[in-house]
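Just upload-v8.cif here, mmCIF, C-alpha atoms:
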```cif
data_query
loop_
_atom_site.label_atom_id
_atom_site.label_comp_id
_atom_site.auth_asym_id
_atom_site.auth_seq_id
_atom_site.Cartn_x
_atom_site.Cartn_y
_atom_site.Cartn_z
CA MET V 86 6.93 172.61 8.70
CA ASP V 87 3.13 172.61 9.13
CA ARG V 88 2.98 168.96 8.15
CA GLN V 89 5.69 168.06 10.65
CA ARG V 90 3.84 169.88 13.40
CA MET V 91 0.63 168.08 12.42
CA GLU V 92 2.35 164.68 12.48
CA THR V 93 3.91 165.39 15.88
CA LYS V 94 0.57 166.54 17.25
CA LYS V 95 -1.23 163.49 15.87
CA ASN V 96 1.34 161.02 17.25
CA ASN V 97 1.22 162.61 20.69
CA TYR V 98 -2.57 162.52 20.54
CA TYR V 99 -2.73 158.80 19.80
CA ASN V 100 -0.04 157.94 22.35
CA ASN V 101 -1.84 159.82 25.10
CA SER V 102 -5.23 158.42 24.11
CA ASN V 103 -4.13 154.80 24.13
CA ASN V 104 -3.22 154.98 27.84
CA VAL V 105 -6.53 154.38 29.57
CA VAL V 106 -5.16 154.70 33.09
CA GLY V 107 -6.18 158.00 34.56
CA VAL V 108 -8.55 158.82 31.74
CA VAL V 109 -11.48 159.08 34.10
CA SER V 110 -13.08 162.49 33.91
CA ASN V 111 -11.34 165.01 36.13
CA ASN V 112 -14.57 166.19 37.66
CA LYS V 113 -15.27 162.75 39.11
CA LYS V 114 -14.61 162.21 42.79
CA PRO V 115 -12.70 159.01 43.71
CA LEU V 116 -15.79 157.07 44.87
CA GLU V 117 -18.40 158.82 42.76
CA TRP V 118 -18.61 155.80 40.46
CA LEU V 119 -20.36 153.93 43.29
CA ASN V 120 -23.38 156.17 42.70
CA GLU V 121 -23.95 154.26 39.47
CA PRO V 122 -26.09 151.11 40.05
CA TYR V 123 -24.02 149.19 37.49
CA TYR V 124 -20.77 149.64 39.37
CA LEU V 125 -22.31 149.49 42.83
CA LEU V 126 -23.97 146.12 42.22
CA HIS V 127 -20.79 144.68 40.74
CA PHE V 128 -18.82 145.89 43.76
CA LEU V 129 -21.31 144.32 46.18
CA ALA V 130 -21.33 141.02 44.26
CA PHE V 131 -17.54 140.74 44.30
CA PHE V 132 -17.28 141.87 47.94
CA ALA V 133 -19.86 139.25 48.96
CA TYR V 134 -17.48 136.52 47.81
CA PHE V 135 -14.94 137.44 50.49
CA ILE V 136 -17.62 137.26 53.17
CA LEU V 137 -18.87 133.90 51.90
CA ARG V 138 -15.30 132.65 51.54
CA SER V 139 -14.50 133.50 55.16
CA SER V 140 -17.68 131.82 56.38
CA ALA V 141 -17.05 128.67 54.37
CA ALA V 142 -13.40 128.32 55.41
CA GLN V 143 -14.31 126.66 58.72
CA PHE V 144 -16.33 123.97 56.92
CA LEU V 145 -13.67 123.06 54.33
CA SER V 146 -11.23 120.23 54.88
CA PRO V 147 -7.52 121.13 54.82
CA HIS V 148 -7.15 119.49 51.39
CA SER V 149 -10.17 121.36 49.98
CA ALA V 150 -8.96 124.63 51.46
CA ARG V 151 -5.50 124.24 49.88
CA HIS V 152 -7.05 123.28 46.54
CA LEU V 153 -9.37 126.29 46.60
CA LEU V 154 -6.53 128.65 47.53
CA HIS V 155 -4.41 127.26 44.70
CA ARG V 156 -7.22 127.84 42.19
CA GLU V 157 -7.82 131.34 43.55
CA ILE V 158 -4.17 132.25 42.99
CA GLN V 159 -4.34 130.87 39.46
CA ALA V 160 -7.49 132.88 38.78
CA VAL V 161 -5.93 136.09 40.10
CA LEU V 162 -2.82 135.62 37.97
CA ALA V 163 -4.87 134.84 34.85
CA PHE V 164 -7.10 137.84 35.51
CA ALA V 165 -4.05 140.08 35.92
CA LEU V 166 -2.59 138.89 32.61
CA LEU V 167 -5.85 139.38 30.73
CA THR V 168 -6.45 142.85 32.16
CA ALA V 169 -2.85 143.85 31.40
CA TYR V 170 -3.37 142.73 27.79
CA LYS V 171 -6.61 144.71 27.55
CA LEU V 172 -4.94 147.72 29.14
CA VAL V 173 -2.57 147.84 26.19
CA ARG V 174 -5.04 146.91 23.46
CA VAL V 175 -8.24 148.84 24.18
CA GLU V 176 -8.50 152.56 23.52
CA THR V 177 -11.09 153.72 26.02
CA TRP V 178 -11.56 153.41 29.77
CA GLU V 179 -15.15 152.20 29.28
CA ALA V 180 -14.05 149.28 27.09
CA PHE V 181 -11.30 148.35 29.56
CA VAL V 182 -13.71 148.35 32.52
CA SER V 183 -16.30 146.34 30.58
CA ASP V 184 -13.80 143.64 29.60
CA SER V 185 -12.24 143.53 33.08
CA LEU V 186 -15.61 143.05 34.76
CA PHE V 187 -16.48 140.29 32.30
CA PHE V 188 -13.25 138.43 33.07
CA ALA V 189 -13.81 138.91 36.80
CA LYS V 190 -17.32 137.46 36.60
CA VAL V 191 -16.12 134.42 34.64
CA PHE V 192 -13.36 133.69 37.16
CA LEU V 193 -15.66 134.31 40.12
CA VAL V 194 -18.22 131.80 38.85
CA ALA V 195 -15.46 129.27 38.17
CA ILE V 196 -13.99 129.65 41.66
CA SER V 197 -17.44 129.50 43.24
CA LEU V 198 -18.08 126.25 41.40
CA ILE V 199 -15.08 124.72 43.19
CA MET V 200 -16.39 125.87 46.57
CA ASP V 201 -20.06 124.93 46.03
CA TYR V 202 -22.09 124.62 42.85
CA HIS V 203 -25.05 126.26 44.58
CA LEU V 204 -22.94 129.41 45.07
CA ALA V 205 -21.93 129.34 41.41
CA MET V 206 -25.58 129.06 40.36
CA TRP V 207 -26.45 131.95 42.68
CA TYR V 208 -23.77 134.14 41.10
CA MET V 209 -24.94 133.29 37.59
CA VAL V 210 -28.48 134.33 38.51
CA VAL V 211 -27.23 137.55 40.13
CA PHE V 212 -25.09 138.49 37.13
CA SER V 213 -27.96 137.72 34.75
CA VAL V 214 -30.29 140.01 36.71
CA MET V 215 -27.64 142.74 36.77
CA TYR V 216 -27.23 142.43 32.99
CA ILE V 217 -30.98 142.86 32.49
CA LEU V 218 -31.57 145.68 34.98
CA THR V 219 -28.40 147.77 34.76
CA GLN V 220 -26.22 149.23 32.06
CA GLN V 221 -22.66 150.49 32.08
CA PRO V 222 -22.65 154.31 31.98
CA ALA V 223 -21.26 155.91 28.83
CA PHE V 224 -18.73 158.73 28.84
CA GLU V 225 -20.64 161.95 29.55
CA GLY V 226 -18.27 164.50 28.03
CA LEU V 227 -18.99 166.16 24.67
CA GLY V 228 -15.63 167.74 23.95
CA ASN V 229 -16.24 170.33 21.22
CA ALA V 230 -19.21 168.39 19.84
CA ILE V 231 -22.71 169.84 20.02
CA LYS V 232 -25.73 167.88 21.19
CA LEU V 233 -28.32 168.35 18.44
CA THR V 234 -31.96 167.68 17.71
CA PRO V 235 -32.92 166.64 14.16
CA LEU V 236 -34.41 170.10 13.53
CA GLN V 237 -31.23 171.81 14.72
CA LEU V 238 -29.12 169.59 12.46
CA GLU V 239 -31.29 170.38 9.44
CA THR V 240 -31.05 174.09 10.22
CA LEU V 241 -27.26 174.00 10.62
CA LEU V 242 -26.75 172.05 7.41
CA THR V 243 -28.86 174.41 5.33
CA GLU V 244 -27.50 177.68 6.75
CA GLY V 245 -24.99 179.36 4.50
CA ASN V 246 -22.87 180.71 7.37
CA ALA V 247 -22.50 177.33 9.12
CA SER V 248 -19.42 175.09 8.89
CA LYS V 249 -18.71 173.64 5.48
CA PHE V 250 -18.43 170.14 6.97
CA TRP V 251 -20.41 168.52 9.77
CA LEU V 252 -19.41 165.15 11.23
CA VAL V 253 -22.42 163.82 13.11
CA GLU V 254 -22.58 160.85 15.46
CA PHE V 255 -25.95 159.07 15.57
CA ARG V 256 -25.98 157.12 18.79
CA ALA V 257 -28.21 155.43 21.37
CA SER V 258 -27.21 155.23 25.01
CA CYS V 259 -28.75 151.75 25.27
CA SER V 260 -26.19 150.38 22.78
CA SER V 261 -23.29 148.56 24.41
CA ASP V 262 -21.09 149.29 21.37
CA TYR V 263 -21.68 153.00 21.85
CA THR V 264 -20.86 152.78 25.57
CA ARG V 265 -17.50 151.14 24.83
CA THR V 266 -16.55 153.81 22.28
CA SER V 267 -18.39 156.82 23.74
CA ARG V 268 -15.12 158.60 24.54
CA CYS V 269 -13.77 158.50 20.96
CA PHE V 270 -15.98 161.11 19.29
CA PRO V 271 -15.64 163.84 21.97
CA GLU V 272 -11.86 163.47 21.97
CA LEU V 273 -11.73 163.66 18.17
CA SER V 274 -13.82 166.83 18.28
CA ILE V 275 -11.29 168.49 20.59
CA THR V 276 -8.45 167.80 18.16
CA TYR V 277 -10.09 168.36 14.77
CA SER V 278 -12.95 170.83 15.16
CA ASN V 279 -12.40 174.17 13.42
CA LYS V 280 -14.31 176.79 11.44
CA HIS V 281 -14.66 174.42 8.48
CA LEU V 282 -15.44 171.21 10.37
CA SER V 283 -17.91 170.92 13.24
CA PHE V 284 -18.96 167.91 15.30
CA GLY V 285 -22.46 167.06 16.48
CA THR V 286 -24.33 164.19 18.12
CA ILE V 287 -27.93 163.04 17.87
CA ASP V 288 -29.41 160.58 20.37
CA LEU V 289 -31.61 158.17 18.42
CA GLY V 290 -32.98 156.93 21.72
CA LEU V 291 -34.71 160.31 22.00
CA PHE V 292 -35.42 160.75 18.28
CA PRO V 293 -35.88 157.23 16.83
CA ASN V 294 -37.94 158.48 13.87
CA VAL V 295 -34.95 160.29 12.38
CA ALA V 296 -33.06 157.01 11.92
CA GLU V 297 -35.05 156.06 8.82
CA LYS V 298 -34.45 159.48 7.26
CA PHE V 299 -30.69 158.91 7.37
CA GLY V 300 -30.86 155.22 6.44
CA ILE V 301 -29.91 153.87 9.86
CA SER V 302 -31.35 150.58 11.05
CA LEU V 303 -32.26 150.33 14.73
CA SER V 304 -32.93 146.60 14.64
CA GLY V 305 -30.51 144.95 17.00
CA MET V 306 -28.55 148.22 17.36
CA GLY V 307 -25.91 146.68 15.05
CA GLN V 308 -25.47 149.91 13.09
CA LEU V 309 -24.98 152.10 16.13
CA PRO V 310 -23.19 154.30 16.51
CA THR V 311 -23.27 155.60 12.92
CA TYR V 312 -21.09 158.50 11.80
CA ILE V 313 -22.02 160.64 8.79
CA LEU V 314 -19.96 163.43 7.24
CA PHE V 315 -21.98 166.19 5.57
CA GLU V 316 -20.69 168.85 3.18
CA ASN V 317 -23.10 171.72 2.66
CA ALA V 318 -26.09 169.54 3.61
CA THR V 319 -24.97 166.68 1.33
CA GLU V 320 -23.74 163.38 2.72
CA VAL V 321 -20.12 162.71 1.75
CA THR V 322 -19.45 159.41 3.50
CA ARG V 323 -20.47 157.39 6.52
CA PHE V 324 -19.34 154.66 8.86
CA PRO V 325 -20.57 151.93 8.80
CA GLU V 326 -20.98 152.10 5.02
CA TRP V 327 -24.30 151.87 3.19
CA GLY V 328 -25.55 148.31 2.93
CA PHE V 329 -23.88 147.21 6.13
CA GLU V 330 -25.67 144.20 7.60
CA PRO V 331 -26.04 144.37 11.40
CA LYS V 332 -25.40 140.62 11.62
CA VAL V 333 -21.97 141.07 10.03
CA SER V 334 -19.18 142.15 12.36
CA HIS V 335 -17.38 145.38 11.55
CA PRO V 336 -14.11 146.83 12.83
CA THR V 337 -14.20 148.22 16.35
CA VAL V 338 -14.72 151.96 16.36
CA THR V 339 -11.51 153.73 17.36
CA LYS V 340 -10.23 157.27 17.02
CA ARG V 341 -7.66 156.11 14.47
CA LEU V 342 -10.29 154.33 12.37
CA LEU V 343 -12.61 157.35 12.30
CA CYS V 344 -9.71 159.68 11.60
CA GLN V 345 -8.65 157.60 8.60
CA HIS V 346 -12.15 156.93 7.29
CA PHE V 347 -13.16 160.61 7.27
CA GLU V 348 -9.64 161.87 6.41
CA LEU V 349 -9.62 164.22 9.36
CA ASP V 350 -5.87 164.87 9.14
CA ARG V 351 -6.15 165.98 5.52
CA ARG V 352 -9.11 168.21 6.25
CA LEU V 353 -7.28 169.82 9.16
CA LEU V 354 -4.22 170.44 6.98
CA GLU V 355 -6.41 172.03 4.32
CA TYR V 356 -7.89 174.31 6.96
CA VAL V 357 -4.43 175.23 8.26
CA HIS V 358 -3.28 176.10 4.73
CA GLY V 359 -6.45 178.10 4.09
CA ARG V 360 -7.83 175.93 1.30
#
```

Structure rendered as structure tokens:
Amino acid sequence: MDRQRMETKKNNYYNNSNNVVGVVSNNKKPLEWLNEPYYLLHFLAFFAYFILRSSAAQFLSPHSARHLLHREIQAVLAFALLTAYKLVRVETWEAFVSDSLFFAKVFLVAISLIMDYHLAMWYMVVFSVMYILTQQPAFEGLGNAIKLTPLQLETLLTEGNASKFWLVEFRASCSSDYTRTSRCFPELSITYSNKHLSFGTIDLGLFPNVAEKFGISLSGMGQLPTYILFENATEVTRFPEWGFEPKVSHPTVTKRLLCQHFELDRRLLEYVHGR
């Protein structure tokens, strides 16, 4: 009976998590995202196209105008198909938004090239500057995870009355991989945290010196985020594994992958049965 309840709970959890529509934090106002430079600049860049398009319409020949409109319709349909595919495939809102904006920028440059190659060059410069100066915001929620300093982590791991297991996320907010998956760890902590298993996060952007202590390479940010499971101050396992080369691609971090790698279902069942 307990196992059936666990399976039902897990299936409902994954089904709800895979739907990224409406996953935006409840405490966000509808237009609060415009306060972020990353989203604001993208909005202004896309909105500028409509202004430029209206201004250029009077200078286009009827044939050129029809050709441009035809290509715009094709671009919109292709964009809709790609975003619909990503809506089903990706697990987090941040990843969906990142991919959608990338597709939009590619199509916008392509359409601008049909109108005027100078406009296309201008958009490429603008998007390059935006990439350098701005960064997509990561998910800010912590769930049941605790934001830790290295000293706090060491204290918690060595205390006898602390949780038997600690799953710790070592992250850096400047990592694009972390931004895309930043929602996974907090949501896992809500489902699986208990008296035997606790969740914590350490920002290596604030404490870069601790990376070497735990065998994490910061070169290229290819190993971030890194997840390490501790049992009574001893490392049990980690993801990515030891010896992982940052130049080698690894599976995308998802809640299902982390759950399977660290056997979170089994550990929760053991806690429920009092083992």

### Task
Determine the residue set returned by the PyMOL selection byres ((chain V and resi 136-153) around 12) for the present structure, and present it as JSON, numbers by chain.
{"V": [129, 130, 131, 132, 133, 134, 135, 154, 155, 156, 157, 158, 159, 160, 193, 195, 196, 197, 198, 199, 200, 201, 204, 205, 208]}

### Query
Residues picked by the PyMOL selection byres ((chain V and resi 258) around 9) here, as JSON, numbers by chain?
{"V": [222, 223, 256, 257, 259, 260, 261, 263, 264, 288, 289, 290]}

Can you write just those residues out, C-alpha atoms, as a short mmCIF file (atom, residue, chain, number, x, y, z; two decimals), keeping the file's coordinate frame?
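Output file result-v1.cif follows:
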```cif
data_model
loop_
_atom_site.label_atom_id
_atom_site.label_comp_id
_atom_site.auth_asym_id
_atom_site.auth_seq_id
_atom_site.Cartn_x
_atom_site.Cartn_y
_atom_site.Cartn_z
CA PRO V 222 -22.65 154.31 31.98
CA ALA V 223 -21.26 155.91 28.83
CA ARG V 256 -25.98 157.12 18.79
CA ALA V 257 -28.21 155.43 21.37
CA CYS V 259 -28.75 151.75 25.27
CA SER V 260 -26.19 150.38 22.78
CA SER V 261 -23.29 148.56 24.41
CA TYR V 263 -21.68 153.00 21.85
CA THR V 264 -20.86 152.78 25.57
CA ASP V 288 -29.41 160.58 20.37
CA LEU V 289 -31.61 158.17 18.42
CA GLY V 290 -32.98 156.93 21.72
#
```

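Reported to one decimal place, the separation of atom CA of V:Ile287 from atom CA of V:Lys232 is 6.3 Å.
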
### Query
So which one's closest to V:Leu343, V:Ser274, V:Gln237, V:Ser302, V:Thr168? Using only C-alpha atoms, please.
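Result for the nearest residue to V:Leu343: V:Ser274.
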
### Task
Provide the atom CA of V:Leu354 to atom CA of V:Thr177 distance in Å, to one decimal place.
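Taking atom CA of V:Leu354 as the start and atom CA of V:Thr177 as the end point, the length is 26.3 Å.
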
### Query
Between V:Pro336, V:Pro122, V:Pro235, V:Gly300, which one has atoms that come closest to V:Thr266, using only C-alpha atoms?
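When distances to V:Thr266 are compared using only C-alpha atoms, the smallest one comes from V:Pro336.
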
### Picked residues, the PyMOL selection byres ((chain V and resi 323) around 7), as a list in words
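With the PyMOL selection byres ((chain V and resi 323) around 7) on this model, the match is Tyr312, Ile313, Leu314, Thr322, Phe324, Pro325 and Glu326 of chain V.
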
## Note on the structure
One decimal place gives the atom CA of V:Lys249-atom CA of V:Ser283 separation as 8.3 Å

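Look at V:Thr243: the protein and nucleic acid residues within 6 Å of it, using all atoms listed in the file and passing over chain neighbours fewer than 2 places away, are Thr240, Leu241 and Ala318 of chain V.
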
### Query
Which residue out of V:Phe164, V:Phe270, V:Phe250, V:Phe284 has the minimum interatomic distance to V:Leu186 when only C-alpha atoms are used?
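Selected residue with least distance to V:Leu186: V:Phe164.
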
### Query
How would you write as a list in words the residues that get within 8 Å of (-14.8, 158.9, 26.5) in the file's frame, counting all atoms listed in the file?
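These residues have at least one counted atom within 8 Å: Thr177, Trp178, Glu179, Ala223, Phe224, Glu225, Gly226, Thr266, Ser267, Arg268, Cys269, Phe270, Pro271 and Glu272 of chain V.
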
#### Entry: Cut-off 9 Å around (-28.4, 142.1, 42.1) with all atoms listed in the file: residues as a list in words
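Residues close enough to count: Leu126, His127, Leu129, Ala130, Val210, Val211, Phe212, Ser213, Val214, Met215 and Leu218 of chain V.
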
### Query
In terms of the shortest atom-to-atom distance over only C-alpha atoms, which of V:Lys298, V:Tyr277, V:Val194, V:Gln220 is closest to V:Met206?
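Closest candidate: V:Val194.
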
### Query
Between V:Phe255, V:Tyr170, V:Tyr202, V:Phe187, which has the minimum distance to V:Gly285 (counting only C-alpha atoms)?
V:Phe255

### Query
So, counting all atoms listed in the file, which residue among V:Asn294, V:Thr337, V:Asn317, V:Thr286 is closest to V:Leu233?
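Smallest distance to V:Leu233 is found for V:Thr286.
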
Generate the coordinates of all heavy atoms for stretch 172-183 of chain V; report them as a PDB file, in the coordinates of the input.
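Printed below is rebuild10.pdb as written:
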```
ATOM      1  N   LEU V 172      -5.405 146.373  28.832  1.00  0.00           N
ATOM      2  CA  LEU V 172      -4.940 147.720  29.140  1.00  0.00           C
ATOM      3  C   LEU V 172      -4.122 148.288  27.988  1.00  0.00           C
ATOM      4  O   LEU V 172      -4.184 149.484  27.694  1.00  0.00           O
ATOM      5  CB  LEU V 172      -4.102 147.691  30.420  1.00  0.00           C
ATOM      6  CG  LEU V 172      -3.604 149.029  30.958  1.00  0.00           C
ATOM      7  CD1 LEU V 172      -4.774 149.894  31.388  1.00  0.00           C
ATOM      8  CD2 LEU V 172      -2.650 148.808  32.112  1.00  0.00           C
ATOM      9  N   VAL V 173      -3.387 147.411  27.323  1.00  0.00           N
ATOM     10  CA  VAL V 173      -2.570 147.840  26.190  1.00  0.00           C
ATOM     11  C   VAL V 173      -3.392 147.931  24.904  1.00  0.00           C
ATOM     12  O   VAL V 173      -3.183 148.829  24.080  1.00  0.00           O
ATOM     13  CB  VAL V 173      -1.385 146.866  25.996  1.00  0.00           C
ATOM     14  CG1 VAL V 173      -0.571 147.242  24.760  1.00  0.00           C
ATOM     15  CG2 VAL V 173      -0.493 146.869  27.224  1.00  0.00           C
ATOM     16  N   ARG V 174      -4.339 147.034  24.736  1.00  0.00           N
ATOM     17  CA  ARG V 174      -5.040 146.910  23.460  1.00  0.00           C
ATOM     18  C   ARG V 174      -6.219 147.852  23.296  1.00  0.00           C
ATOM     19  O   ARG V 174      -6.424 148.400  22.212  1.00  0.00           O
ATOM     20  CB  ARG V 174      -5.539 145.457  23.292  1.00  0.00           C
ATOM     21  CG  ARG V 174      -4.431 144.436  23.199  1.00  0.00           C
ATOM     22  CD  ARG V 174      -3.656 144.557  21.913  1.00  0.00           C
ATOM     23  NE  ARG V 174      -4.521 144.316  20.751  1.00  0.00           N
ATOM     24  CZ  ARG V 174      -4.117 144.417  19.493  1.00  0.00           C
ATOM     25  NH1 ARG V 174      -2.864 144.782  19.238  1.00  0.00           N
ATOM     26  NH2 ARG V 174      -4.944 144.177  18.502  1.00  0.00           N
ATOM     27  N   VAL V 175      -7.027 148.039  24.329  1.00  0.00           N
ATOM     28  CA  VAL V 175      -8.240 148.840  24.180  1.00  0.00           C
ATOM     29  C   VAL V 175      -7.900 150.316  24.231  1.00  0.00           C
ATOM     30  O   VAL V 175      -6.865 150.722  24.766  1.00  0.00           O
ATOM     31  CB  VAL V 175      -9.300 148.487  25.237  1.00  0.00           C
ATOM     32  CG1 VAL V 175      -9.690 147.035  25.146  1.00  0.00           C
ATOM     33  CG2 VAL V 175      -8.799 148.831  26.635  1.00  0.00           C
ATOM     34  N   GLU V 176      -8.781 151.137  23.671  1.00  0.00           N
ATOM     35  CA  GLU V 176      -8.500 152.560  23.520  1.00  0.00           C
ATOM     36  C   GLU V 176      -9.245 153.419  24.531  1.00  0.00           C
ATOM     37  O   GLU V 176      -8.852 154.551  24.788  1.00  0.00           O
ATOM     38  CB  GLU V 176      -8.873 153.001  22.104  1.00  0.00           C
ATOM     39  CG  GLU V 176      -8.337 154.352  21.717  1.00  0.00           C
ATOM     40  CD  GLU V 176      -8.648 154.704  20.284  1.00  0.00           C
ATOM     41  OE1 GLU V 176      -9.846 154.693  19.921  1.00  0.00           O
ATOM     42  OE2 GLU V 176      -7.708 154.983  19.536  1.00  0.00           O
ATOM     43  N   THR V 177     -10.292 152.906  25.115  1.00  0.00           N
ATOM     44  CA  THR V 177     -11.090 153.720  26.020  1.00  0.00           C
ATOM     45  C   THR V 177     -11.200 153.056  27.385  1.00  0.00           C
ATOM     46  O   THR V 177     -11.126 151.828  27.519  1.00  0.00           O
ATOM     47  CB  THR V 177     -12.515 153.954  25.477  1.00  0.00           C
ATOM     48  OG1 THR V 177     -13.237 152.704  25.459  1.00  0.00           O
ATOM     49  CG2 THR V 177     -12.472 154.539  24.068  1.00  0.00           C
ATOM     50  N   TRP V 178     -11.381 153.898  28.401  1.00  0.00           N
ATOM     51  CA  TRP V 178     -11.560 153.410  29.770  1.00  0.00           C
ATOM     52  C   TRP V 178     -12.811 152.560  29.875  1.00  0.00           C
ATOM     53  O   TRP V 178     -12.834 151.543  30.576  1.00  0.00           O
ATOM     54  CB  TRP V 178     -11.627 154.602  30.708  1.00  0.00           C
ATOM     55  CG  TRP V 178     -11.959 154.260  32.115  1.00  0.00           C
ATOM     56  CD1 TRP V 178     -13.161 154.392  32.734  1.00  0.00           C
ATOM     57  CD2 TRP V 178     -11.073 153.708  33.097  1.00  0.00           C
ATOM     58  NE1 TRP V 178     -13.088 153.974  34.045  1.00  0.00           N
ATOM     59  CE2 TRP V 178     -11.815 153.542  34.292  1.00  0.00           C
ATOM     60  CE3 TRP V 178      -9.728 153.347  33.086  1.00  0.00           C
ATOM     61  CZ2 TRP V 178     -11.246 153.033  35.450  1.00  0.00           C
ATOM     62  CZ3 TRP V 178      -9.164 152.828  34.250  1.00  0.00           C
ATOM     63  CH2 TRP V 178      -9.919 152.682  35.410  1.00  0.00           C
ATOM     64  N   GLU V 179     -13.893 152.941  29.194  1.00  0.00           N
ATOM     65  CA  GLU V 179     -15.150 152.200  29.280  1.00  0.00           C
ATOM     66  C   GLU V 179     -14.994 150.783  28.751  1.00  0.00           C
ATOM     67  O   GLU V 179     -15.521 149.823  29.335  1.00  0.00           O
ATOM     68  CB  GLU V 179     -16.244 152.943  28.495  1.00  0.00           C
ATOM     69  CG  GLU V 179     -16.739 154.218  29.144  1.00  0.00           C
ATOM     70  CD  GLU V 179     -15.742 155.362  29.042  1.00  0.00           C
ATOM     71  OE1 GLU V 179     -14.872 155.328  28.137  1.00  0.00           O
ATOM     72  OE2 GLU V 179     -15.810 156.301  29.862  1.00  0.00           O
ATOM     73  N   ALA V 180     -14.269 150.615  27.643  1.00  0.00           N
ATOM     74  CA  ALA V 180     -14.050 149.280  27.090  1.00  0.00           C
ATOM     75  C   ALA V 180     -13.182 148.442  28.038  1.00  0.00           C
ATOM     76  O   ALA V 180     -13.426 147.244  28.233  1.00  0.00           O
ATOM     77  CB  ALA V 180     -13.395 149.378  25.718  1.00  0.00           C
ATOM     78  N   PHE V 181     -12.170 149.065  28.623  1.00  0.00           N
ATOM     79  CA  PHE V 181     -11.300 148.350  29.560  1.00  0.00           C
ATOM     80  C   PHE V 181     -12.082 147.862  30.777  1.00  0.00           C
ATOM     81  O   PHE V 181     -11.936 146.716  31.209  1.00  0.00           O
ATOM     82  CB  PHE V 181     -10.149 149.267  29.993  1.00  0.00           C
ATOM     83  CG  PHE V 181      -9.308 148.697  31.091  1.00  0.00           C
ATOM     84  CD1 PHE V 181      -8.433 147.659  30.844  1.00  0.00           C
ATOM     85  CD2 PHE V 181      -9.388 149.211  32.383  1.00  0.00           C
ATOM     86  CE1 PHE V 181      -7.659 147.123  31.859  1.00  0.00           C
ATOM     87  CE2 PHE V 181      -8.615 148.683  33.404  1.00  0.00           C
ATOM     88  CZ  PHE V 181      -7.746 147.629  33.144  1.00  0.00           C
ATOM     89  N   VAL V 182     -12.924 148.727  31.345  1.00  0.00           N
ATOM     90  CA  VAL V 182     -13.710 148.350  32.520  1.00  0.00           C
ATOM     91  C   VAL V 182     -14.699 147.235  32.162  1.00  0.00           C
ATOM     92  O   VAL V 182     -14.872 146.270  32.922  1.00  0.00           O
ATOM     93  CB  VAL V 182     -14.464 149.572  33.075  1.00  0.00           C
ATOM     94  CG1 VAL V 182     -15.468 149.155  34.141  1.00  0.00           C
ATOM     95  CG2 VAL V 182     -13.477 150.579  33.652  1.00  0.00           C
ATOM     96  N   SER V 183     -15.332 147.352  31.008  1.00  0.00           N
ATOM     97  CA  SER V 183     -16.300 146.340  30.580  1.00  0.00           C
ATOM     98  C   SER V 183     -15.652 144.973  30.442  1.00  0.00           C
ATOM     99  O   SER V 183     -16.169 143.965  30.944  1.00  0.00           O
ATOM    100  CB  SER V 183     -16.942 146.760  29.250  1.00  0.00           C
ATOM    101  OG  SER V 183     -17.811 145.754  28.770  1.00  0.00           O
TER     102      SER V 183
END
```
